Amino acid sequence: MSLQSKIFLLLAEVLICVQVAVYVGVNRAHDQYSKSILGKDLGVAVERFQEFLSSNEDPLRHNDYLRDLQSQMGLNLLVFEADTGKLVWGRWPTTSSNTRDDLYSLVLEKSDDRRRHLVKANDQVWMAETLVFQLPSNDRFKVLFFQETKGVLQSIQSVDWLLKLIFLLGLSLAATVTYFVVRRVIKPLQSLSQLALRVAGGEYGVKIASDGKDEIGQLSNSLARMKESLVQSLNDNQRVTDDLAERNAKMAVMNEQLERKLQETKILLQISQAMSMRLQGQSVIEIALSQLKEYFNADMVALFGYQYMSVECEIKNHVGRVFPVDGDNGDRQNLKVVMNLVNPLLTRVQQMKQPVVFSDFLTPETGGMITKDDLLTTALFPLKKNSKVIGALGLFSMNNDYKLTQEDIQFISTVASNITVLLENEYLHEETTRDNLTQLNNRAYFQEQLAEGIAAGPTQEFPVSLILFDIDHFKSFNDNHGHLVGDAILKQIGYILKRILRKNEDVLCRVGGEEFGVVLNGVPLHRVAEIAERLRKSVDSHQFLYNGREFHVTISIGYACLPNHATTVDELIEAADQAMYTSKNRGRNRVTPFITQNLRPAA
C-alpha cells in the first residue's frame, strides 16, 4: 500500500474518531448544562430548606413556611415518612397517573443522600430532588421537591438535535472517504492477497498480471517473479527432499531398533543387579514388572508361582489392574477373577513348557466387574528351572489390538529366565528367614534387621522403634483348647500384622512361641503408640475361628525406640520387653511405652 493510500485510511479513521469524541464531549456538557438550568431554582429551594432544618425547627409544625417556600420558588413540595412512604404534608398537583407513579418511586428509593432526578412521563417533564431529614424525636422523613420544566427542556432538546445532525454529517464524510479508499486500494490488494494465498497453497499455475504502474502494479509484478523463482527452487529441492526422506526412514527404523534394545537392556540390567543383592529380590522384581508393563503398554503384569506340593498357582506379585474397579476389596476381587481365568491355562503352560498367547471374551459369569464385550488378551511365559516349570510370568491387556511380535516373545522369555533365578534366591532366603507357621520373619531375621537399622545411625527425627507383644494366657489357652487351635491363632495373628503394617517397610517377626515383634524405621514416637494401639484393638475385636468355633484372645504390648530409650540392640529389646511385662502387670490387654525399668512379675 502506498503512502497516499495509508493517509486516506488514516484520515477516515481520524474523522470518525473526532466525530465520536466531539459528540460524546458536547453531549456530556449538554447534559450537565441541562441539569444546571433545570435544577437551579430547585437547588435554591433545597438549600433554604436545609438552612431551616439547621435552626432545629420542625418544618411539619410550620405549614406557613412550607407554603411560602412553594409559592416563592414556583415548585411543589411534599413530605413523606422515610420508612413507609406515607404522605404527611402537602398535596399532589394535577398530573397524569404515570407521572405521579414515577415521582413517588423516588420517595421509595432506599437512599438517604440528596439526589436529583429528571422524570419524563407522557408529555410532562419534571425536575425532582429528594432529601431525607430526621427530627429530634428520631422520626425520619423524606421531602420531595419538583417542578415542571417542559419549556426549558424543549429548547435544550433542539440543541441536542443539532448535535446529532452534525455527528451524522461527519459520519457521512468519513464513510465517503473510506469508500473511495476501499474501492481504489483495498480491493486490488485483496485480489492480490488471494492470488498470493493460492500460490502459497501450491497453485503454481495461477496467472498474476497487472497493467497498473502504481505501487500495486509493481507489487503484482514482483509476486509473479517470486512465483517463477519458487517453482524452480521447489523442483530442485524436491529431489533433495526425496533423498532425505529415504535416508530418514532408514534412520527411523534404526533408531526404533536401538531404542528398543536400550529399553530391553535396562530391564535386564535391573534384574541382573538383583541377583547380587541380598534381601532385595522382591523390590527389584516389582521394578522389572513395572518396566515390562510400561514397555508393552499392558494393563497388568503378574508373577505366578506354584504352591508347595500343589498344582495350583497363586499370584506372588503384580503391577497394575486389568479391570476398572475402585478400592482394595475391588482389587482383591479383580485378582480373584484373574486367577479363575488363568489357572486352567497355567496348567497348559506347565505341560507345554512354552509361552502361550491368547484372547477370549469375558462374561459376567466369570465373577469380574466387566461387561460381556470386554476382551482380555493374555500372554503367559513359563518360569523353568531344570526343565521344570515353577511358575509363570503373565501380561494382560484389555486392548483388542494388543499384539506381541516374535522378538517380544523372545525378550520376555529372557526376562522370565532371569526372574526365575531371583525367585529361587528369594525362596532360599525365605527358607532361612521365615517362620513356617505364621509365614512371618523369624528371630534371626529380626535380630539382623535391628542391627542394620541401628548401624544406619538413627536420630530423633528418624528413630528405630521396636514393638513387642505376646498373647495373654496363651499357655493356658493351649492346655484348654489344644495346640492345633493355638497354631491357628498364631497364623491369624500373622494375618492381622500383615493387614495393618506397611508392606516392604515394617519388619514383622515371630520372636518365639507366642511372642511377636515389629521393627519400625523412621516412625515418630507418637505414631508408634498409635500403631501399637491399633494392633491391640484389631486383635481384641478379631473373631478367631477354628473348625466352626469362635475364640477371643488379647495381647499385651510394650514399645521403645532408639535413641530415646537405648543405644544398642540388646538394650532396645530389653526396654521393649520391660514395657511389655509392665502391660501384663497392669492387667494385660493394654499398650505401655518404656519409661523406667520395671521388674518382671515373680510368676
# chains A, B, ... in the order shown; residues from 1 in each chain; ligands from 1
call {"tool": "residues_around", "arguments": {"residues": "A:Ser290", "least_positions_apart": "5", "cutoff": "10 Å", "atoms": "only C-alpha atoms", "output": "compact mmCIF listing (two decimals) with all heavy atoms, in the first residue's frame"}}
result
# COMPACT_ATOMS: atom_id res chain seq x y z
N ILE A 267 15.93 -53.17 31.39
CA ILE A 267 15.15 -54.11 32.20
C ILE A 267 16.02 -55.29 32.63
O ILE A 267 16.01 -55.71 33.80
CB ILE A 267 13.93 -54.60 31.39
CG1 ILE A 267 13.00 -53.42 31.08
CG2 ILE A 267 13.17 -55.68 32.16
CD1 ILE A 267 11.86 -53.77 30.16
N VAL A 284 13.12 -55.41 43.45
CA VAL A 284 13.63 -55.32 42.10
C VAL A 284 12.71 -56.04 41.13
O VAL A 284 12.54 -55.63 39.98
CB VAL A 284 15.07 -55.86 42.03
CG1 VAL A 284 15.60 -55.80 40.60
CG2 VAL A 284 15.96 -55.07 42.95
N ILE A 285 12.09 -57.13 41.55
CA ILE A 285 11.11 -57.80 40.70
C ILE A 285 9.96 -56.85 40.38
O ILE A 285 9.49 -56.79 39.25
CB ILE A 285 10.59 -59.08 41.39
CG1 ILE A 285 11.67 -60.17 41.34
CG2 ILE A 285 9.33 -59.59 40.71
CD1 ILE A 285 11.29 -61.43 42.07
N TYR A 295 6.65 -50.78 29.08
CA TYR A 295 7.27 -51.04 27.77
C TYR A 295 6.28 -51.63 26.78
O TYR A 295 6.24 -51.25 25.61
CB TYR A 295 8.47 -51.96 27.97
CG TYR A 295 9.24 -52.26 26.71
CD1 TYR A 295 9.79 -51.23 25.96
CD2 TYR A 295 9.44 -53.57 26.29
CE1 TYR A 295 10.52 -51.50 24.81
CE2 TYR A 295 10.17 -53.85 25.14
CZ TYR A 295 10.70 -52.81 24.40
OH TYR A 295 11.41 -53.07 23.27
N ALA A 298 0.87 -52.69 28.77
CA ALA A 298 -0.09 -53.67 29.27
C ALA A 298 -0.88 -53.08 30.44
O ALA A 298 -0.45 -52.12 31.09
CB ALA A 298 0.65 -54.93 29.74
N MET A 300 -1.87 -55.01 33.13
CA MET A 300 -1.32 -55.62 34.33
C MET A 300 -0.25 -56.63 33.94
O MET A 300 -0.38 -57.32 32.93
CB MET A 300 -2.41 -56.31 35.16
CG MET A 300 -1.89 -56.85 36.50
SD MET A 300 -3.20 -57.53 37.56
CE MET A 300 -3.36 -59.16 36.85
N VAL A 301 0.82 -56.69 34.74
CA VAL A 301 1.85 -57.71 34.62
C VAL A 301 1.91 -58.43 35.95
O VAL A 301 2.01 -57.80 37.00
CB VAL A 301 3.22 -57.10 34.27
CG1 VAL A 301 4.29 -58.18 34.20
CG2 VAL A 301 3.15 -56.34 32.95
N ALA A 302 1.80 -59.74 35.93
CA ALA A 302 1.72 -60.52 37.17
C ALA A 302 2.73 -61.65 37.15
O ALA A 302 3.10 -62.17 36.08
CB ALA A 302 0.31 -61.08 37.36
N HIS A 318 2.19 -58.45 41.43
CA HIS A 318 1.54 -57.91 40.25
C HIS A 318 1.68 -56.39 40.24
O HIS A 318 1.82 -55.76 41.29
CB HIS A 318 0.06 -58.30 40.20
CG HIS A 318 -0.79 -57.54 41.16
ND1 HIS A 318 -0.82 -57.83 42.52
CD2 HIS A 318 -1.64 -56.49 40.97
CE1 HIS A 318 -1.66 -57.01 43.12
NE2 HIS A 318 -2.17 -56.18 42.21
N VAL A 319 1.62 -55.83 39.04
CA VAL A 319 1.68 -54.38 38.86
C VAL A 319 0.56 -53.99 37.91
O VAL A 319 0.44 -54.55 36.82
CB VAL A 319 3.04 -53.93 38.27
CG1 VAL A 319 3.02 -52.44 37.97
CG2 VAL A 319 4.17 -54.28 39.22
N GLY A 320 -0.30 -53.04 38.33
CA GLY A 320 -1.40 -52.58 37.50
C GLY A 320 -2.69 -53.33 37.79
O GLY A 320 -2.76 -54.19 38.67
call {"tool": "closest_residue", "arguments": {"among": "A:Asp236, A:Asp101, A:Asp41, A:Asp487", "to": "A:Met127", "atoms": "only C-alpha atoms"}}
result
A:Asp41
call {"tool": "closest_residue", "arguments": {"among": "A:Leu289, A:Ile496, A:Ile557, A:Val507", "to": "A:Thr433", "atoms": "only C-alpha atoms"}}
result
A:Val507
call {"tool": "closest_residue", "arguments": {"among": "A:Thr84, A:Asn56, A:Thr347, A:Ser556", "to": "A:Phe469", "atoms": "only C-alpha atoms"}}
result
A:Ser556
call {"tool": "closest_residue", "arguments": {"among": "A:Lys110, A:His481, A:Lys498, A:Arg140", "to": "A:Val79", "atoms": "only C-alpha atoms"}}
result
A:Arg140
call {"tool": "atom_distance", "arguments": {"atom1": "atom CA of A:Gln257", "atom2": "atom CA of A:Asp408"}}
result
12.1 Å
call {"tool": "closest_residue", "arguments": {"among": "A:Val569, A:Lys353, A:Trp89, A:Arg48", "to": "A:His62", "atoms": "only C-alpha atoms"}}
result
A:Trp89
call {"tool": "decode", "arguments": {"residues": "stretch 441-468 of chain A", "atoms": "N, CA and C atoms", "output": "compact mmCIF listing (two decimals), in the first residue's frame"}}
result
# COMPACT_ATOMS: atom_id res chain seq x y z
N ASN A 441 8.73 -63.22 59.42
CA ASN A 441 10.17 -63.38 59.60
C ASN A 441 10.45 -64.03 60.95
N ASN A 442 11.57 -64.77 61.03
CA ASN A 442 11.91 -65.44 62.29
C ASN A 442 12.81 -64.57 63.15
N ARG A 443 13.25 -65.09 64.28
CA ARG A 443 14.01 -64.31 65.25
C ARG A 443 15.38 -63.89 64.67
N ALA A 444 16.02 -64.78 63.90
CA ALA A 444 17.32 -64.43 63.33
C ALA A 444 17.21 -63.21 62.41
N TYR A 445 16.17 -63.19 61.57
CA TYR A 445 15.96 -62.05 60.68
C TYR A 445 15.63 -60.80 61.50
N PHE A 446 14.87 -60.99 62.58
CA PHE A 446 14.50 -59.90 63.47
C PHE A 446 15.76 -59.24 64.04
N GLN A 447 16.69 -60.04 64.55
CA GLN A 447 17.94 -59.52 65.11
C GLN A 447 18.76 -58.82 64.01
N GLU A 448 18.78 -59.39 62.84
CA GLU A 448 19.57 -58.83 61.74
C GLU A 448 19.05 -57.45 61.33
N GLN A 449 17.72 -57.32 61.23
CA GLN A 449 17.13 -56.04 60.82
C GLN A 449 17.32 -54.97 61.88
N LEU A 450 17.23 -55.35 63.16
CA LEU A 450 17.51 -54.37 64.22
C LEU A 450 18.94 -53.88 64.14
N ALA A 451 19.87 -54.81 63.92
CA ALA A 451 21.28 -54.42 63.84
C ALA A 451 21.52 -53.49 62.65
N GLU A 452 20.91 -53.78 61.49
CA GLU A 452 21.09 -52.91 60.33
C GLU A 452 20.47 -51.54 60.55
N GLY A 453 19.31 -51.50 61.20
CA GLY A 453 18.67 -50.21 61.47
C GLY A 453 19.50 -49.35 62.40
N ILE A 454 20.10 -49.97 63.43
CA ILE A 454 20.91 -49.20 64.37
C ILE A 454 22.23 -48.80 63.72
N ALA A 455 22.78 -49.65 62.85
CA ALA A 455 24.02 -49.32 62.17
C ALA A 455 23.85 -48.12 61.25
N ALA A 456 22.62 -47.85 60.79
CA ALA A 456 22.38 -46.72 59.90
C ALA A 456 22.42 -45.39 60.63
N GLY A 457 22.52 -45.40 61.99
CA GLY A 457 22.62 -44.16 62.76
C GLY A 457 21.30 -43.48 62.98
N PRO A 458 20.37 -44.09 63.73
CA PRO A 458 19.06 -43.45 63.97
C PRO A 458 19.21 -42.14 64.74
N THR A 459 18.28 -41.21 64.49
CA THR A 459 18.26 -39.91 65.16
C THR A 459 16.88 -39.66 65.75
N GLN A 460 16.71 -38.52 66.42
CA GLN A 460 15.40 -38.17 66.96
C GLN A 460 14.37 -38.02 65.84
N GLU A 461 14.82 -37.50 64.68
CA GLU A 461 13.89 -37.32 63.56
C GLU A 461 13.65 -38.63 62.81
N PHE A 462 14.62 -39.55 62.85
CA PHE A 462 14.48 -40.83 62.13
C PHE A 462 14.90 -41.96 63.08
N PRO A 463 14.02 -42.30 64.04
CA PRO A 463 14.39 -43.30 65.04
C PRO A 463 14.14 -44.72 64.54
N VAL A 464 14.65 -45.69 65.30
CA VAL A 464 14.33 -47.10 65.12
C VAL A 464 13.50 -47.53 66.32
N SER A 465 12.27 -47.98 66.08
CA SER A 465 11.36 -48.33 67.17
C SER A 465 11.07 -49.83 67.14
N LEU A 466 10.81 -50.38 68.32
CA LEU A 466 10.53 -51.81 68.46
C LEU A 466 9.25 -51.99 69.26
N ILE A 467 8.30 -52.74 68.68
CA ILE A 467 7.06 -53.12 69.38
C ILE A 467 7.13 -54.62 69.66
N LEU A 468 7.00 -54.99 70.95
CA LEU A 468 6.96 -56.40 71.35
C LEU A 468 5.61 -56.70 71.98
